[in-house]
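Listing of coords_5.json; format and content: JSON, C-alpha atoms.
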[["chain", "number", "residue", "atom", "x", "y", "z"],
["A", 1414, "MET", "CA", 125.44, 33.54, 56.46],
["A", 1415, "PRO", "CA", 125.97, 35.83, 59.46],
["A", 1416, "GLU", "CA", 122.73, 36.42, 61.36],
["A", 1417, "ALA", "CA", 121.80, 39.40, 63.55],
["A", 1418, "PRO", "CA", 124.20, 38.63, 66.47],
["A", 1419, "GLU", "CA", 127.19, 38.15, 64.16],
["A", 1420, "VAL", "CA", 126.39, 41.30, 62.18],
["A", 1421, "GLN", "CA", 125.99, 43.25, 65.44],
["A", 1422, "ASN", "CA", 129.46, 42.22, 66.54],
["A", 1423, "VAL", "CA", 130.90, 43.24, 63.18],
["A", 1424, "LEU", "CA", 129.15, 46.60, 63.59],
["A", 1425, "ASN", "CA", 130.46, 47.09, 67.13],
["A", 1426, "TYR", "CA", 134.00, 46.41, 65.96],
["A", 1427, "LEU", "CA", 133.73, 48.77, 63.00],
["A", 1428, "GLN", "CA", 132.25, 51.55, 65.13],
["A", 1429, "GLU", "CA", 135.15, 51.26, 67.56],
["A", 1430, "GLN", "CA", 137.66, 51.50, 64.72],
["A", 1431, "LEU", "CA", 135.98, 53.92, 62.29],
["A", 1432, "GLN", "CA", 134.06, 56.46, 64.38],
["A", 1433, "ASN", "CA", 134.77, 60.01, 63.15],
["A", 1434, "HIS", "CA", 137.37, 58.85, 60.60],
["A", 1435, "LYS", "CA", 137.28, 60.04, 57.00],
["A", 1436, "ILE", "CA", 137.56, 57.92, 53.85],
["A", 1437, "THR", "CA", 140.28, 59.56, 51.73],
["A", 1438, "SER", "CA", 140.16, 57.24, 48.71],
["A", 1439, "VAL", "CA", 138.11, 54.30, 47.43],
["A", 1440, "GLU", "CA", 138.91, 51.50, 45.00],
["A", 1441, "ILE", "CA", 136.26, 48.92, 44.09],
["A", 1442, "SER", "CA", 137.46, 46.02, 41.94],
["A", 1443, "HIS", "CA", 134.25, 43.97, 41.75],
["A", 1444, "PRO", "CA", 131.67, 46.00, 39.80],
["A", 1445, "LYS", "CA", 128.65, 44.02, 41.08],
["A", 1446, "LEU", "CA", 129.54, 44.91, 44.68],
["A", 1447, "SER", "CA", 127.79, 48.24, 44.09],
["A", 1448, "GLY", "CA", 124.13, 47.31, 44.16],
["A", 1449, "ASN", "CA", 122.34, 50.53, 43.21],
["A", 1450, "MET", "CA", 124.73, 52.54, 41.03],
["A", 1451, "ASP", "CA", 127.81, 52.20, 38.84],
["A", 1452, "TYR", "CA", 130.76, 51.22, 41.01],
["A", 1453, "HIS", "CA", 132.83, 54.20, 39.84],
["A", 1454, "GLU", "CA", 130.05, 56.50, 41.01],
["A", 1455, "MET", "CA", 130.07, 54.76, 44.40],
["A", 1456, "GLU", "CA", 133.84, 55.28, 44.62],
["A", 1457, "LYS", "CA", 133.37, 59.03, 44.05],
["A", 1458, "LYS", "CA", 130.45, 59.38, 46.46],
["A", 1459, "LEU", "CA", 132.21, 57.64, 49.36],
["A", 1460, "THR", "CA", 135.48, 59.55, 48.96],
["A", 1461, "ASN", "CA", 135.95, 62.27, 51.63],
["A", 1462, "GLN", "CA", 132.96, 61.06, 53.66],
["A", 1463, "THR", "CA", 133.30, 60.71, 57.45],
["A", 1464, "PHE", "CA", 131.77, 57.96, 59.59],
["A", 1465, "HIS", "CA", 129.33, 59.36, 62.17],
["A", 1466, "LYS", "CA", 126.78, 56.74, 63.27],
["A", 1467, "PHE", "CA", 126.46, 52.97, 62.98],
["A", 1468, "PHE", "CA", 123.28, 50.89, 62.85],
["A", 1469, "ARG", "CA", 122.24, 47.30, 62.22],
["A", 1470, "HIS", "CA", 118.93, 46.26, 60.71],
["A", 1471, "GLY", "CA", 118.51, 42.50, 60.49],
["A", 1472, "LYS", "CA", 121.56, 41.29, 58.59],
["A", 1473, "TYR", "CA", 122.38, 44.74, 57.16],
["A", 1474, "LEU", "CA", 125.09, 47.15, 58.29],
["A", 1475, "VAL", "CA", 124.19, 50.85, 58.02],
["A", 1476, "PHE", "CA", 126.86, 53.57, 58.16],
["A", 1477, "GLU", "CA", 125.69, 57.17, 58.51],
["A", 1478, "LEU", "CA", 128.22, 59.43, 56.76],
["A", 1479, "ASP", "CA", 128.33, 63.20, 56.21],
["A", 1480, "ASP", "CA", 125.46, 63.32, 53.76],
["A", 1481, "LEU", "CA", 125.08, 59.68, 52.76],
["A", 1482, "ASP", "CA", 123.73, 56.41, 54.14],
["A", 1483, "TRP", "CA", 125.96, 53.47, 53.18],
["A", 1484, "ILE", "CA", 124.32, 50.05, 53.50],
["A", 1485, "SER", "CA", 126.19, 46.76, 53.34],
["A", 1486, "HIS", "CA", 124.96, 43.16, 53.33],
["A", 1487, "LEU", "CA", 127.73, 40.59, 53.89],
["A", 1488, "ARG", "CA", 125.71, 37.65, 52.52],
["A", 1489, "MET", "CA", 127.57, 34.32, 52.85],
["A", 1490, "GLU", "CA", 131.26, 35.16, 53.24],
["A", 1491, "GLY", "CA", 131.68, 38.94, 53.26],
["A", 1492, "LYS", "CA", 134.14, 40.40, 55.79],
["A", 1493, "PHE", "CA", 135.42, 43.86, 56.68],
["A", 1494, "LEU", "CA", 139.07, 44.04, 57.72],
["A", 1495, "ILE", "CA", 141.01, 46.99, 59.10],
["A", 1496, "GLU", "CA", 144.72, 46.78, 58.35],
["A", 1497, "ASP", "CA", 147.78, 49.01, 58.56],
["A", 1498, "LYS", "CA", 148.60, 48.06, 54.97],
["A", 1499, "ILE", "CA", 147.12, 46.04, 52.14],
["A", 1500, "PRO", "CA", 148.11, 42.37, 52.47],
["A", 1501, "GLU", "CA", 150.78, 41.30, 49.98],
["A", 1502, "ASP", "CA", 149.75, 37.64, 49.90],
["A", 1503, "PRO", "CA", 148.08, 37.14, 46.47],
["A", 1504, "LYS", "CA", 145.89, 34.35, 47.89],
["A", 1505, "ILE", "CA", 144.32, 36.93, 50.22],
["A", 1506, "ASN", "CA", 144.47, 39.90, 47.88],
["A", 1507, "LYS", "CA", 142.45, 38.23, 45.13],
["A", 1508, "HIS", "CA", 139.44, 38.15, 47.47],
["A", 1509, "ILE", "CA", 139.65, 41.82, 48.48],
["A", 1510, "HIS", "CA", 137.09, 43.61, 46.32],
["A", 1511, "ALA", "CA", 137.02, 47.09, 47.89],
["A", 1512, "LYS", "CA", 139.74, 49.20, 49.51],
["A", 1513, "PHE", "CA", 138.96, 52.30, 51.56],
["A", 1514, "HIS", "CA", 141.94, 54.40, 52.69],
["A", 1515, "LEU", "CA", 141.31, 56.25, 55.95],
["A", 1516, "ASP", "CA", 142.59, 59.55, 57.28],
["A", 1517, "ASN", "CA", 144.58, 57.75, 60.00],
["A", 1518, "GLY", "CA", 146.59, 55.85, 57.37],
["A", 1519, "LYS", "CA", 144.77, 52.54, 57.87],
["A", 1520, "TRP", "CA", 142.81, 50.57, 55.31],
["A", 1521, "LEU", "CA", 139.23, 49.37, 55.55],
["A", 1522, "LEU", "CA", 139.12, 46.34, 53.27],
["A", 1523, "TYR", "CA", 136.10, 44.39, 52.07],
["A", 1524, "MET", "CA", 136.88, 40.71, 51.45],
["A", 1525, "ASP", "CA", 134.43, 38.21, 49.97],
["A", 1526, "THR", "CA", 135.52, 34.82, 48.64],
["A", 1527, "ARG", "CA", 132.14, 34.14, 47.02],
["A", 1528, "LYS", "CA", 131.38, 37.69, 45.82],
["A", 1529, "PHE", "CA", 127.77, 37.58, 47.02],
["A", 1530, "GLY", "CA", 127.91, 40.67, 49.25],
["A", 1531, "ARG", "CA", 126.39, 43.96, 48.11],
["A", 1532, "MET", "CA", 126.66, 47.64, 49.05],
["A", 1533, "GLN", "CA", 124.26, 50.51, 48.40],
["A", 1534, "VAL", "CA", 124.70, 54.24, 48.86],
["A", 1535, "TYR", "CA", 121.85, 56.74, 49.21],
["A", 1536, "PRO", "CA", 121.45, 60.42, 50.13],
["A", 1537, "ARG", "CA", 121.05, 60.66, 53.91],
["A", 1538, "ALA", "CA", 117.52, 59.98, 55.09],
["A", 1539, "GLU", "CA", 115.97, 61.01, 58.40],
["A", 1540, "ASP", "CA", 114.95, 57.38, 58.86],
["A", 1541, "TYR", "CA", 117.28, 54.91, 57.16],
["A", 1542, "TYR", "CA", 114.51, 52.28, 57.27],
["A", 1543, "SER", "CA", 112.65, 54.34, 54.63],
["A", 1544, "LEU", "CA", 115.42, 53.70, 52.08],
["A", 1545, "PRO", "CA", 114.72, 51.46, 49.05],
["A", 1546, "ALA", "CA", 117.11, 48.80, 50.38],
["A", 1547, "PHE", "CA", 114.58, 48.04, 53.13],
["A", 1548, "ASP", "CA", 111.42, 48.09, 51.03],
["A", 1549, "LYS", "CA", 110.89, 44.35, 51.53],
["A", 1550, "VAL", "CA", 112.59, 43.94, 54.91],
["A", 1551, "GLY", "CA", 110.55, 43.46, 58.07],
["A", 1552, "PRO", "CA", 111.24, 44.83, 61.56],
["A", 1553, "ASP", "CA", 114.47, 43.86, 63.26],
["A", 1554, "VAL", "CA", 114.20, 40.82, 65.49],
["A", 1555, "LEU", "CA", 115.42, 42.79, 68.53],
["A", 1556, "SER", "CA", 113.21, 45.82, 67.93],
["A", 1557, "ASP", "CA", 110.02, 46.70, 69.81],
["A", 1558, "GLN", "CA", 108.10, 46.41, 66.51],
["A", 1559, "PHE", "CA", 108.70, 42.65, 66.55],
["A", 1560, "ASN", "CA", 106.17, 41.52, 69.14],
["A", 1561, "ALA", "CA", 103.61, 38.74, 69.61],
["A", 1562, "LYS", "CA", 100.69, 40.68, 68.16],
["A", 1563, "TYR", "CA", 102.68, 41.65, 65.07],
["A", 1564, "LEU", "CA", 103.92, 38.09, 64.51],
["A", 1565, "HIS", "CA", 100.49, 36.53, 65.00],
["A", 1566, "ASN", "CA", 99.03, 38.91, 62.45],
["A", 1567, "LYS", "CA", 101.74, 38.01, 59.94],
["A", 1568, "LEU", "CA", 101.30, 34.26, 60.44],
["A", 1569, "LYS", "CA", 97.51, 33.94, 60.47],
["A", 1570, "ASN", "CA", 97.18, 33.35, 56.72],
["A", 1571, "ARG", "CA", 100.45, 31.54, 56.09],
["A", 1572, "LYS", "CA", 100.28, 27.81, 55.31],
["A", 1573, "CYS", "CA", 104.03, 27.17, 55.34],
["A", 1574, "ALA", "CA", 106.13, 25.78, 58.21],
["A", 1575, "ILE", "CA", 106.84, 28.17, 61.07],
["A", 1576, "LYS", "CA", 110.58, 27.83, 60.50],
["A", 1577, "THR", "CA", 110.13, 29.01, 56.91],
["A", 1578, "SER", "CA", 108.22, 32.05, 58.18],
["A", 1579, "LEU", "CA", 110.96, 32.92, 60.68],
["A", 1580, "LEU", "CA", 113.56, 32.77, 57.90],
["A", 1581, "ASN", "CA", 111.49, 35.14, 55.75],
["A", 1582, "GLN", "CA", 113.27, 38.49, 56.11],
["A", 1583, "SER", "CA", 110.15, 40.38, 55.03],
["A", 1584, "ILE", "CA", 108.42, 39.11, 58.20],
["A", 1585, "VAL", "CA", 111.28, 39.55, 60.64],
["A", 1586, "ALA", "CA", 114.85, 40.63, 59.88],
["A", 1587, "GLY", "CA", 117.89, 38.96, 61.39],
["A", 1588, "ILE", "CA", 116.94, 35.32, 62.03],
["A", 1589, "GLY", "CA", 118.75, 32.64, 60.02],
["A", 1590, "ASN", "CA", 118.93, 28.85, 60.04],
["A", 1591, "ILE", "CA", 120.87, 28.42, 63.28],
["A", 1592, "TYR", "CA", 118.78, 30.70, 65.47],
["A", 1593, "ALA", "CA", 115.45, 29.57, 64.00],
["A", 1594, "ASP", "CA", 116.21, 26.05, 65.28],
["A", 1595, "GLU", "CA", 117.22, 27.36, 68.70],
["A", 1596, "ILE", "CA", 114.24, 29.73, 69.01],
["A", 1597, "LEU", "CA", 111.69, 27.05, 68.18],
["A", 1598, "PHE", "CA", 113.30, 24.59, 70.56],
["A", 1599, "ASP", "CA", 113.15, 27.15, 73.37],
["A", 1600, "ALA", "CA", 109.52, 27.91, 72.49],
["A", 1601, "GLY", "CA", 108.68, 24.18, 72.50],
["A", 1602, "LEU", "CA", 107.33, 24.24, 68.95],
["A", 1603, "ASP", "CA", 108.14, 21.83, 66.14],
["A", 1604, "PRO", "CA", 109.63, 23.80, 63.21],
["A", 1605, "ARG", "CA", 107.30, 21.90, 60.84],
["A", 1606, "SER", "CA", 104.22, 23.38, 62.54],
["A", 1607, "ILE", "CA", 101.95, 25.26, 60.13],
["A", 1608, "SER", "CA", 102.36, 29.00, 60.69],
["A", 1609, "SER", "CA", 98.64, 29.76, 60.70],
["A", 1610, "HIS", "CA", 98.02, 27.10, 63.38],
["A", 1611, "LEU", "CA", 99.96, 29.08, 65.99],
["A", 1612, "ASP", "CA", 98.01, 31.17, 68.48],
["A", 1613, "LEU", "CA", 98.98, 34.42, 70.18],
["A", 1614, "GLU", "CA", 100.59, 32.60, 73.12],
["A", 1615, "ASP", "CA", 102.76, 30.57, 70.72],
["A", 1616, "CYS", "CA", 103.85, 33.79, 69.06],
["A", 1617, "LYS", "CA", 104.72, 35.30, 72.43],
["A", 1618, "LYS", "CA", 106.92, 32.28, 73.19],
["A", 1619, "ILE", "CA", 108.68, 32.67, 69.85],
["A", 1620, "VAL", "CA", 109.26, 36.41, 70.27],
["A", 1621, "ASP", "CA", 110.49, 36.04, 73.86],
["A", 1622, "ALA", "CA", 112.83, 33.20, 72.88],
["A", 1623, "ALA", "CA", 114.14, 35.12, 69.87],
["A", 1624, "LYS", "CA", 114.98, 38.22, 71.87],
["A", 1625, "GLN", "CA", 116.61, 36.27, 74.69],
["A", 1626, "ILE", "CA", 118.67, 33.93, 72.50],
["A", 1627, "LEU", "CA", 119.89, 36.57, 70.08],
["A", 1628, "SER", "CA", 120.72, 39.02, 72.88],
["A", 1629, "GLU", "CA", 122.77, 36.33, 74.62],
["A", 1630, "SER", "CA", 124.51, 35.50, 71.36],
["A", 1631, "VAL", "CA", 125.43, 39.14, 70.80],
["A", 1632, "LYS", "CA", 127.12, 39.15, 74.21],
["A", 1633, "SER", "CA", 129.01, 35.97, 73.24],
["A", 1634, "GLY", "CA", 130.31, 37.44, 70.00],
["A", 1635, "GLY", "CA", 127.87, 35.44, 67.87],
["A", 1636, "THR", "CA", 128.05, 31.86, 66.66],
["A", 1637, "THR", "CA", 131.10, 30.52, 64.84],
["A", 1638, "ILE", "CA", 130.44, 27.19, 63.14],
["A", 1639, "ARG", "CA", 132.19, 27.54, 59.81],
["A", 1640, "SER", "CA", 134.06, 30.65, 58.75],
["A", 1641, "PHE", "CA", 132.53, 33.56, 60.65],
["A", 1642, "GLU", "CA", 135.07, 35.96, 62.12],
["A", 1643, "TYR", "CA", 135.49, 39.71, 62.33],
["A", 1644, "GLY", "CA", 138.18, 42.23, 63.14],
["A", 1645, "ASN", "CA", 141.59, 40.77, 63.90],
["A", 1646, "HIS", "CA", 140.47, 37.12, 63.68],
["A", 1647, "LEU", "CA", 137.82, 37.57, 66.37],
["A", 1648, "SER", "CA", 135.04, 34.98, 66.51],
["A", 1649, "GLY", "CA", 132.02, 34.11, 68.60],
["A", 1650, "THR", "CA", 131.45, 31.44, 71.25],
["A", 1651, "TYR", "CA", 127.66, 31.05, 71.26],
["A", 1652, "GLN", "CA", 128.04, 27.74, 69.41],
["A", 1653, "ASP", "CA", 128.92, 26.32, 72.85],
["A", 1654, "SER", "CA", 125.39, 27.22, 74.02],
["A", 1655, "LEU", "CA", 123.43, 25.72, 71.13],
["A", 1656, "LYS", "CA", 120.86, 23.16, 72.28],
["A", 1657, "VAL", "CA", 119.67, 21.53, 69.06],
["A", 1658, "HIS", "CA", 121.33, 22.94, 65.96],
["A", 1659, "GLN", "CA", 123.70, 20.35, 64.43],
["A", 1660, "LYS", "CA", 123.06, 17.97, 67.35],
["A", 1661, "ALA", "CA", 121.31, 15.13, 65.51],
["A", 1662, "GLU", "CA", 121.29, 11.86, 67.48],
["A", 1663, "GLU", "CA", 122.29, 13.65, 70.69],
["A", 1664, "ILE", "CA", 120.18, 13.61, 73.86],
["A", 1665, "CYS", "CA", 117.78, 16.51, 74.37],
["A", 1666, "SER", "CA", 118.83, 18.63, 77.36],
["A", 1667, "ARG", "CA", 115.19, 19.24, 78.30],
["A", 1668, "CYS", "CA", 113.38, 15.89, 78.01],
["A", 1669, "HIS", "CA", 116.17, 13.39, 77.31],
["A", 1670, "GLY", "CA", 114.60, 12.44, 74.00],
["A", 1671, "THR", "CA", 116.71, 12.16, 70.85],
["A", 1672, "ILE", "CA", 117.30, 15.17, 68.61],
["A", 1673, "GLU", "CA", 116.57, 14.52, 64.95],
["A", 1674, "LYS", "CA", 117.67, 16.14, 61.71],
["A", 1675, "VAL", "CA", 114.83, 16.82, 59.28],
["A", 1676, "ILE", "CA", 114.46, 18.95, 56.15],
["A", 1677, "VAL", "CA", 112.16, 21.98, 56.19],
["A", 1678, "ASN", "CA", 111.84, 23.77, 52.86],
["A", 1679, "GLN", "CA", 115.21, 22.38, 51.75],
["A", 1680, "ARG", "CA", 116.94, 23.55, 54.94],
["A", 1681, "SER", "CA", 118.60, 21.18, 57.41],
["A", 1682, "THR", "CA", 116.61, 21.51, 60.62],
["A", 1683, "TYR", "CA", 117.14, 20.10, 64.11],
["A", 1684, "VAL", "CA", 114.25, 19.21, 66.40],
["A", 1685, "CYS", "CA", 113.39, 17.17, 69.45],
["A", 1686, "PRO", "CA", 110.09, 15.55, 68.41],
["A", 1687, "ALA", "CA", 109.50, 14.41, 71.99],
["A", 1688, "CYS", "CA", 109.13, 17.88, 73.49],
["A", 1689, "GLN", "CA", 108.57, 20.26, 70.56],
["A", 1690, "ILE", "CA", 104.83, 20.29, 69.82],
["A", 1691, "ARG", "CA", 103.77, 20.01, 66.20],
["A", 1692, "LYS", "CA", 100.72, 22.13, 65.37]]
Would you write out, as structure tokens, the structure that this file holds?
Amino acid sequence: MPEAPEVQNVLNYLQEQLQNHKITSVEISHPKLSGNMDYHEMEKKLTNQTFHKFFRHGKYLVFELDDLDWISHLRMEGKFLIEDKIPEDPKINKHIHAKFHLDNGKWLLYMDTRKFGRMQVYPRAEDYYSLPAFDKVGPDVLSDQFNAKYLHNKLKNRKCAIKTSLLNQSIVAGIGNIYADEILFDAGLDPRSISSHLDLEDCKKIVDAAKQILSESVKSGGTTIRSFEYGNHLSGTYQDSLKVHQKAEEICSRCHGTIEKVIVNQRSTYVCPACQIRK
């Protein structure tokens, strides 16, 4: 699943291509894609709307239109493509579940091989974060609201592993499996540490590491390990900077110990037990 850096790069690409363009027609072929209304109603609402502003919150894309907020979550395999025409290849076309014709003649296409992605449309709000889609979503990992004091307060009564807490989108939005491993390695904390055992200084290390690592990944186009790409087959390169994720049996770059693969709450997790402290 794309995490905050990958979603940010998708957003940057879409803003470059869609800014101030109007949607002239909409066709949705997967009814469940529309998460908060009948899909025919979503087709009508989005028709003749113009793109004005673009935001990311965690793993969500937010498009501010004329009088609507359009929110999209790509989930596992969702992709937005911008094409001069609809692809004729049936192997590609069967995975295109929404087609948006633009006023410049191009097509914004939503493709999702697993059909997990969802879209929601709401009347424009002064603060998009107040919309129902974000009722159970915490502050964005790169926002000022995500700080050591906030995190420490959220963790103080939690008995689960710290990695599990970082993956909880109601605590902090935008961190997934890859970056949780990298953040905790940088912070020197074992991902199996009990959340409530961490002190304020530990939380500061986590927040600082999260902001630095994810900001660097944004600049690198995100991490491409499996199928992530955006735009015209663009992909990220941050996978070349990963220090522990998917590096089981390799030598730790910090202490020269051996990186291990363990399971934390059913998630494959990579840790150097020699230099990541377990609390």
### Task
Measuring atom to atom with all atoms listed in the file, identify which of A:His1470, A:Asp1603, A:Lys1562, A:Arg1571 is nearest to Asp1540 in chain A.
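Looking only at the distances to Asp1540 in chain A, the closest residue turns out to be A:His1470.
Of note, CA of Phe1513 in chain A and CA of Ile1441 in chain A are spaced 8.6 Å apart.
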### Message
When you count all atoms listed in the file, which of these residues is closest to Asn1449 in chain A: A:Gln1430, A:Ser1485, A:Glu1663, A:Leu1521?
### Response
A:Ser1485
### Message
Taking all atoms listed in the file into account, name the residue in A:Leu1611, A:Leu1564, A:Leu1427, A:Ile1676 that is nearest to Ala1623 in chain A.
### Response
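For Ala1623 in chain A, the nearest of the given residues is A:Leu1564.
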### Message
For a cutoff of 7 Å around the file-coordinate point (101.5, 21.4, 66.7), which residues qualify once you count all atoms listed in the file? I'd like the result as an MDAnalysis selection string.
### Response
chainID A and resid 1602:1603 1606 1690:1692
#### Entry: Counting all atoms listed in the file, the residue of A:Asp1480, A:Gln1558, A:Pro1686, A:Lys1472 that sits nearest Glu1662 in chain A
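For Glu1662 in chain A, the nearest of the given residues is A:Pro1686.
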### Task
Name all residues at most 10 Å from Arg1537 in chain A (count only C-alpha atoms; drop same-chain ones fewer than 3 positions away) and give them as a ChimeraX atom specification.
/A:1477-1483,1534,1540-1541,1544
### Of the listed residues A:Glu1419, A:Phe1476, A:Tyr1535, A:Ser1543, that which approaches Glu1454 in chain A most closely, counting all atoms listed in the file
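Residue with the minimum atom-to-atom distance to Glu1454 in chain A: A:Tyr1535.
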#### Entry: Long-range neighbours of Val1677 in chain A as a list in words, 8 Å cut-off, all atoms listed in the file, 3 positions minimum in chain
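So the residues in contact are Ala1574, Lys1576, Thr1577, Pro1604, Arg1605, Arg1680, Ser1681 and Thr1682 of chain A.
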#### Entry: A:Lys1618, A:Arg1527, A:Lys1512, A:Lys1466 ranked by distance to Ile1499 in chain A, top pick (using all atoms listed in the file)
A:Lys1512
Kindly output range 1620-1628 of chain A as a short mmCIF file (atom, residue, chain, number, x, y, z; two decimals), in the coordinates of the input, after building all heavy atoms.
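File part-v4.cif, as written:
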data_model
loop_
_atom_site.label_atom_id
_atom_site.label_comp_id
_atom_site.auth_asym_id
_atom_site.auth_seq_id
_atom_site.Cartn_x
_atom_site.Cartn_y
_atom_site.Cartn_z
N VAL A 1620 108.65 35.08 70.17
CA VAL A 1620 109.26 36.41 70.27
C VAL A 1620 110.16 36.49 71.50
O VAL A 1620 111.30 36.99 71.43
CB VAL A 1620 108.17 37.50 70.32
CG1 VAL A 1620 108.77 38.86 70.70
CG2 VAL A 1620 107.46 37.59 68.98
N ASP A 1621 109.68 36.00 72.63
CA ASP A 1621 110.49 36.04 73.86
C ASP A 1621 111.78 35.23 73.69
O ASP A 1621 112.86 35.67 74.10
CB ASP A 1621 109.69 35.49 75.05
CG ASP A 1621 108.58 36.43 75.49
OD1 ASP A 1621 108.57 37.60 75.03
OD2 ASP A 1621 107.72 36.00 76.28
N ALA A 1622 111.65 34.04 73.09
CA ALA A 1622 112.83 33.20 72.88
C ALA A 1622 113.81 33.87 71.92
O ALA A 1622 115.03 33.85 72.15
CB ALA A 1622 112.41 31.83 72.34
N ALA A 1623 113.29 34.47 70.86
CA ALA A 1623 114.14 35.12 69.87
C ALA A 1623 114.95 36.25 70.50
O ALA A 1623 116.17 36.35 70.30
CB ALA A 1623 113.30 35.66 68.72
N LYS A 1624 114.28 37.08 71.27
CA LYS A 1624 114.98 38.22 71.87
C LYS A 1624 116.02 37.77 72.90
O LYS A 1624 117.12 38.33 72.97
CB LYS A 1624 113.96 39.18 72.48
CG LYS A 1624 113.09 39.88 71.43
CD LYS A 1624 112.10 40.84 72.07
CE LYS A 1624 111.16 41.45 71.03
NZ LYS A 1624 111.84 42.35 70.09
N GLN A 1625 115.67 36.76 73.69
CA GLN A 1625 116.61 36.27 74.69
C GLN A 1625 117.82 35.60 74.06
O GLN A 1625 118.98 35.89 74.40
CB GLN A 1625 115.93 35.29 75.64
CG GLN A 1625 116.87 34.74 76.71
CD GLN A 1625 116.17 33.79 77.67
OE1 GLN A 1625 114.95 33.71 77.71
NE2 GLN A 1625 116.95 33.06 78.45
N ILE A 1626 117.58 34.70 73.12
CA ILE A 1626 118.67 33.93 72.50
C ILE A 1626 119.59 34.84 71.70
O ILE A 1626 120.82 34.75 71.83
CB ILE A 1626 118.09 32.81 71.63
CG1 ILE A 1626 117.48 31.72 72.52
CG2 ILE A 1626 119.16 32.21 70.72
CD1 ILE A 1626 116.66 30.69 71.77
N LEU A 1627 119.03 35.71 70.90
CA LEU A 1627 119.89 36.57 70.08
C LEU A 1627 120.63 37.60 70.91
O LEU A 1627 121.78 37.93 70.61
CB LEU A 1627 119.07 37.24 68.97
CG LEU A 1627 118.99 36.40 67.68
CD1 LEU A 1627 118.15 35.15 67.87
CD2 LEU A 1627 118.47 37.22 66.51
N SER A 1628 120.02 38.09 71.98
CA SER A 1628 120.72 39.02 72.88
C SER A 1628 121.90 38.33 73.56
O SER A 1628 122.99 38.90 73.69
CB SER A 1628 119.76 39.58 73.92
OG SER A 1628 118.76 40.38 73.33
#
